Structures are given as structure tokens and as C-alpha cells.
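Reviewing the structure listed below.
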Amino acid sequence: MTSQVPPRGDTPLLGVSYVMPVLNDVTHVRDAVLSLLHQDYTGPFEVTLALGPSIDGTTELVEEMAAVDSRIRVVENEVGSTPAGLNIAIRASQYPVVIRVDAHSVLPADYARIAVETLERTGADNVGGVMDAQGESPFQKAVARAYGTKIGLGGTPLHVGGPEGKAETVYLGCFLMDSLVRVGLFDEGIKRGQDWELNRRIRDLGGTVWFTPRLRVVYRPRPSLARLARQMVSTGLWRGELARRFPASNGIRYFAPPVMVLGVVLGLILGLAGIVSALTGGTAAWLLLGFAAPALYLLIDLVATVAVTRPDGFRAGLWFLVVLPSIHFCWGIGFLLGYLKLTTNITAHTRRHP
């Protein structure tokens, strides 16, 4: 699988197609789109929004934006899922470079310029960088801090940065249209983690996925604990499904949260059994040692909170005490459900809830 990027020389700048699935994103989509219109890349571009069946005013907002700027086009995404929206938007696009955008993200002004330059310099098929989670409220700041630490989402370059080079996957992505077509676009049967799976196919066909820390994209976390929990369960569920489908591509870090969940739950069960034994005069009071597992996890949670949340303020620190276990347990439980095929309606877990 070889790159089709022409040498720069005196040839015109490559055209860029921004593709963005949109579903119930009325709070964030305007900022996301404006960040595309204000890029300092001087080549031709278009913005294609794949609009899912929204109920929060998103439909009216994106149609209003498209009506006043001909560079914005809205295409219907009846399915409403991320991969379906991406494929619809890609098929409706015309330029040789495709940049994926999330409605919760804000691209810095130099994003497209750096991305296209990196494509040409490296000959890669996909270039991406860091998901720079930043919160506005104390709760969002706590979530952002959890995203950007090893104790939270694993400390991968996608979340915390790292040296430039070949990668397993990257955040969002700046693709060659030819490469996307060659691998068959996104798998619409995978509602979450479809970027990882697409990058797997690119690499399997001899292509290159390239990470550069120069590409940092501001991402706004979910604004409430309930929405964060739903997101983490769904993400973990699909990660478990992908781990079962593609066992050769799994990293140890994917299994850490589910192992932690099993350890804490088993420890609680053993500890409670020890209490029962002690109260009834039994001889299995040693089972009380099971409480060591949840106690150790609580200690880790407390130490992590003190260590990483000082810049964020007292309220964000208190939220972190809740956010961190919510991420771990919801993601871990979801992973177990997906990996063990304990859910019968995985396809219902789509991209975003209102």
C-alpha cells in the first residue's frame, strides 16, 4: 500500500475535505465548524457534516450555518452512527485529503497545514496527533485530567503525547482519500473504535499510520457523570468486542481495567463472606483479607487525586475522586460484556446520547 501524495514543488496545494458526523451536538458543533473555517491552510477546502437524527436543535443549527457559507455542506445520516456518518461524508467529498473532525473537538488554526505537510514529508496514509482534553467546569476538568494521565486512560501517545513516528492508531486522522478507498472506508458494523480498526487495516495492507505531537486537538469531555458513564460503558464494550475479534492486535493495557474490576469485586465478596463467618462463629474469618483489594484501589484513587489535580482546584479534585473509578469500572465492565459476548444488542451502542 503506497502513498499517492505528489511532490510539492510548484504544484497547487492539495484540496482538503473535512468530514464530521454530527448527532445531538448543539452545544459544541458551532465551535468545531468555526475552527475549520479559520484554518491557516491556504489550499481549497470543504466541510461536510453528516447529520444524524438529532433532537436537541442541532439540525436547525447546522442547516443555518450551511445556508450562510457555501463551503459547508450537510448530508443526511439516517443511521446516526459515527462510521455511517463518516462514510457518507467521505463519499460526498471531492478532495484528495480527508480530515476527520469530531463535533466535540476544536482544531487549532495550523492543524490542516501541519497535517498535510506531515503526509507529504512522511508518505504516510494517515496522520494524527493528541486528543488534548480540556474542561470548562470542575467536573469536565476532572475528566480531562483523567484522560491525560496514565492512571486514567493508560497514558498512550494519543492522550498524553510522545515522540513522532509510526503508530498503532491516532486521534481523528488526516487521510489520503486513495488510502481510505483502498481499505474500504470505515466498518459501519463497529460503532466505537472504528478508527482503531480502520488503522489496523491500513497497517495490514502495508500502509503507515503516523503520530506527531505537533497536532493537538482540544476535546471537550462529557458534561455530566451520567453521560460520562454511558460513554465509558459503550467504549469499553466495543473495545472488548474488538479484542475478541482481533486477538493478535491486543495490548496488555486493554485488560488492566477489567482485571481491576474483577479483583475489586472478588475482594468485596470475599470480605463480606469473612464478616458473615466472623459473626456466625465460623472459621473463615481470614476471608476478611479480601477487603485489601478494594482498600488498595481506594488508596490508589486518593494518591492519584492528590498527585495530579493540584493545578485544577479543590472542586475538580473532589470530582476526580468520583470520575476516576467511574472511568475504570464503567470501561472495565463494558469490556467484559463485549469480550465475553454477554450483550445481545451491541449494535445499539452508538456514538453519542443526547
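Following the order of the C-alpha cells, first chain is A, next is B, and so on, with residues numbered from 1 inside each chain and ligands from 1 in the order they appear.
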Using DSSP secondary structure from the backbone, list all alpha helix (DSSP H) positions within range 8-145 of chain A, as a count of residues only. 50
Could I get the residues of range 320-342 of chain A with an atom no further than 12 Å from an atom of range 265-268 of chain A, each paired with its nearest atom pair and that distance in Å to one decimal, using only C-alpha atoms, sorted by chain and residue number, as a tab-separated table?
residue	atom	partner	partner_atom	distance
A:Phe329	CA	A:Val265	CA	10.2
A:Gly332	CA	A:Val265	CA	11.7
A:Ile333	CA	A:Val265	CA	11.0
Residue selection dump (all heavy atoms) as a CSV table (one decimal), in the first residue's frame:
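As a result, part_20.csv now contains:
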chain,number,residue,atom,x,y,z
A,329,PHE,N,-14.4,1.5,36.2
A,329,PHE,CA,-15.4,0.5,36.4
A,329,PHE,C,-16.3,0.4,35.2
A,329,PHE,O,-16.7,-0.7,34.7
A,329,PHE,CB,-16.1,0.7,37.7
A,329,PHE,CG,-15.4,0.2,38.9
A,329,PHE,CD1,-14.5,1.0,39.5
A,329,PHE,CD2,-15.6,-1.1,39.3
A,329,PHE,CE1,-13.8,0.5,40.6
A,329,PHE,CE2,-14.9,-1.6,40.4
A,329,PHE,CZ,-14.0,-0.8,41.1
A,332,GLY,N,-14.3,-1.0,32.3
A,332,GLY,CA,-13.9,-2.4,32.6
A,332,GLY,C,-15.1,-3.3,32.5
A,332,GLY,O,-15.0,-4.4,31.9
A,333,ILE,N,-16.3,-2.9,33.0
A,333,ILE,CA,-17.5,-3.7,32.9
A,333,ILE,C,-17.9,-3.8,31.5
A,333,ILE,O,-18.3,-4.9,31.0
A,333,ILE,CB,-18.6,-3.1,33.8
A,333,ILE,CG1,-18.3,-3.2,35.3
A,333,ILE,CG2,-20.0,-3.8,33.5
A,333,ILE,CD1,-19.2,-2.5,36.2
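Shortest separation to Gln194 in chain A among A:Leu61, A:Ala84, A:Ile55, A:Leu34 occurs at residue A:Ala84, atoms counted being only C-alpha atoms.
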I'd like the neighbourhood of range 254-263 of chain A as a ChimeraX atom specification, where a residue qualifies if any of its atoms comes within 12 Å (using only C-alpha atoms), though same-chain residues fewer than 2 positions away should be ignored. /A:150-156,232-233,235-244,247,249-252,265-271,290-298,300,324-340
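For the atom pair formed by CA of Ala146 in chain A and CA of Gln231 in chain A, the distance is 14.2 Å, given to one decimal.
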Mind checking which residues fall within 10 Å of Thr42 in chain A, counting only C-alpha atoms, ignoring those fewer than 6 positions away in the same chain, and posting them as a short mmCIF file (atom, residue, chain, number, x, y, z; two decimals) with N, CA and C atoms, in the first residue's frame?
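As a result, out24.cif now contains:
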data_model
loop_
_atom_site.label_atom_id
_atom_site.label_comp_id
_atom_site.auth_asym_id
_atom_site.auth_seq_id
_atom_site.Cartn_x
_atom_site.Cartn_y
_atom_site.Cartn_z
N PRO A 12 -0.07 23.16 -7.06
CA PRO A 12 -1.01 23.78 -6.11
C PRO A 12 -1.15 22.94 -4.85
N LEU A 13 -1.53 23.60 -3.77
CA LEU A 13 -1.77 22.89 -2.52
C LEU A 13 -2.91 21.90 -2.69
N LEU A 14 -2.79 20.76 -2.02
CA LEU A 14 -3.82 19.73 -2.09
C LEU A 14 -5.12 20.24 -1.47
N GLY A 15 -6.24 19.87 -2.07
CA GLY A 15 -7.53 20.20 -1.50
C GLY A 15 -7.84 19.32 -0.31
N ALA A 112 -4.56 21.77 9.77
CA ALA A 112 -4.57 21.24 8.41
C ALA A 112 -3.21 21.43 7.74
N ARG A 113 -2.61 22.59 7.94
CA ARG A 113 -1.30 22.85 7.32
C ARG A 113 -0.26 21.85 7.80
#
Could you give me, as a PyMOL selection string, the residues within 6 Å of Ala167 in chain A, counting only C-alpha atoms and dropping anything in the same chain fewer than 2 positions from it? chain A and resi 169+209-211
As a ChimeraX atom specification, please: all residues of range 40-285 of chain A that backbone DSSP puts in strand (DSSP E). /A:45-51,72-76,97-100,105-106,126-133,165-166,171-176,209-219
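In this comparison, which uses only C-alpha atoms, the residue of A:Asn24, A:Pro83, A:Arg201, A:Val33 approaching Gly57 in chain A most closely is A:Asn24.
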Near-range 306-314 of chain A list (8 Å; only C-alpha atoms; drop same-chain fewer than 5 positions) as a ChimeraX atom specification: /A:138,141-142,145,320
Selected residues, N, CA, C and O atoms, written as an mmCIF file, in the first residue's frame, please.
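To be explicit, this is the file written out as part.cif:
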data_model
loop_
_atom_site.group_PDB
_atom_site.id
_atom_site.type_symbol
_atom_site.label_atom_id
_atom_site.label_comp_id
_atom_site.auth_asym_id
_atom_site.auth_seq_id
_atom_site.Cartn_x
_atom_site.Cartn_y
_atom_site.Cartn_z
ATOM 1 N N PRO A 138 -15.636 22.350 36.760
ATOM 2 C CA PRO A 138 -14.798 21.490 37.597
ATOM 3 C C PRO A 138 -14.939 20.009 37.243
ATOM 4 O O PRO A 138 -13.943 19.273 37.262
ATOM 5 N N LYS A 141 -13.032 19.396 34.045
ATOM 6 C CA LYS A 141 -11.597 19.453 34.309
ATOM 7 C C LYS A 141 -11.105 18.147 34.925
ATOM 8 O O LYS A 141 -10.003 17.676 34.607
ATOM 9 N N ALA A 142 -11.919 17.562 35.790
ATOM 10 C CA ALA A 142 -11.553 16.278 36.389
ATOM 11 C C ALA A 142 -11.493 15.184 35.332
ATOM 12 O O ALA A 142 -10.579 14.346 35.328
ATOM 13 N N ARG A 145 -8.426 15.672 33.165
ATOM 14 C CA ARG A 145 -7.226 15.248 33.869
ATOM 15 C C ARG A 145 -7.105 13.727 33.845
ATOM 16 O O ARG A 145 -6.008 13.176 33.656
ATOM 17 N N PHE A 320 -12.581 14.382 40.760
ATOM 18 C CA PHE A 320 -11.649 13.359 40.281
ATOM 19 C C PHE A 320 -11.778 12.072 41.086
ATOM 20 O O PHE A 320 -11.642 10.967 40.543
#
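The residue that comes closest to Asn126 in chain A, out of A:Val22, A:Ala144, A:Val98, A:Val218 and on the basis of only C-alpha atoms, is A:Val98.
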Residues within 9 Å of Gln94 in chain A, only C-alpha atoms, excluding chain neighbours under 2 positions, as a list in words: Gly15, Val16, Ser17, Glu46, Ile90, Arg91, Ala92, Pro96, Val97 and Met177 of chain A
Those same residues, written as a CSV table (one decimal), in the first residue's frame with N, CA, C and O atoms?
chain,number,residue,atom,x,y,z
A,15,GLY,N,-6.2,19.9,-2.1
A,15,GLY,CA,-7.5,20.2,-1.5
A,15,GLY,C,-7.8,19.3,-0.3
A,15,GLY,O,-7.5,18.1,-0.3
A,16,VAL,N,-8.5,19.9,0.7
A,16,VAL,CA,-8.8,19.2,1.9
A,16,VAL,C,-10.3,19.1,2.1
A,16,VAL,O,-11.0,20.1,2.0
A,17,SER,N,-10.8,17.9,2.4
A,17,SER,CA,-12.2,17.7,2.8
A,17,SER,C,-12.3,17.4,4.3
A,17,SER,O,-11.8,16.3,4.7
A,46,GLU,N,-13.4,22.0,1.9
A,46,GLU,CA,-14.9,21.9,2.0
A,46,GLU,C,-15.1,21.3,3.4
A,46,GLU,O,-14.3,20.6,3.9
A,90,ILE,N,-17.5,11.1,3.5
A,90,ILE,CA,-16.3,10.9,2.6
A,90,ILE,C,-16.8,10.7,1.2
A,90,ILE,O,-16.2,11.2,0.3
A,91,ARG,N,-17.8,9.9,1.0
A,91,ARG,CA,-18.3,9.7,-0.4
A,91,ARG,C,-18.8,11.0,-1.0
A,91,ARG,O,-18.8,11.1,-2.2
A,92,ALA,N,-19.3,11.9,-0.2
A,92,ALA,CA,-19.8,13.2,-0.7
A,92,ALA,C,-18.7,14.2,-0.9
A,92,ALA,O,-18.9,15.3,-1.4
A,96,PRO,N,-8.4,15.3,-2.4
A,96,PRO,CA,-7.6,14.1,-2.2
A,96,PRO,C,-7.1,13.9,-0.7
A,96,PRO,O,-6.6,12.8,-0.4
A,97,VAL,N,-7.3,14.9,0.2
A,97,VAL,CA,-7.0,14.7,1.6
A,97,VAL,C,-8.3,14.8,2.4
A,97,VAL,O,-9.1,15.8,2.2
A,177,MET,N,-7.4,10.2,0.5
A,177,MET,CA,-8.6,9.7,0.0
A,177,MET,C,-8.4,8.3,-0.7
A,177,MET,O,-9.1,7.4,-0.5
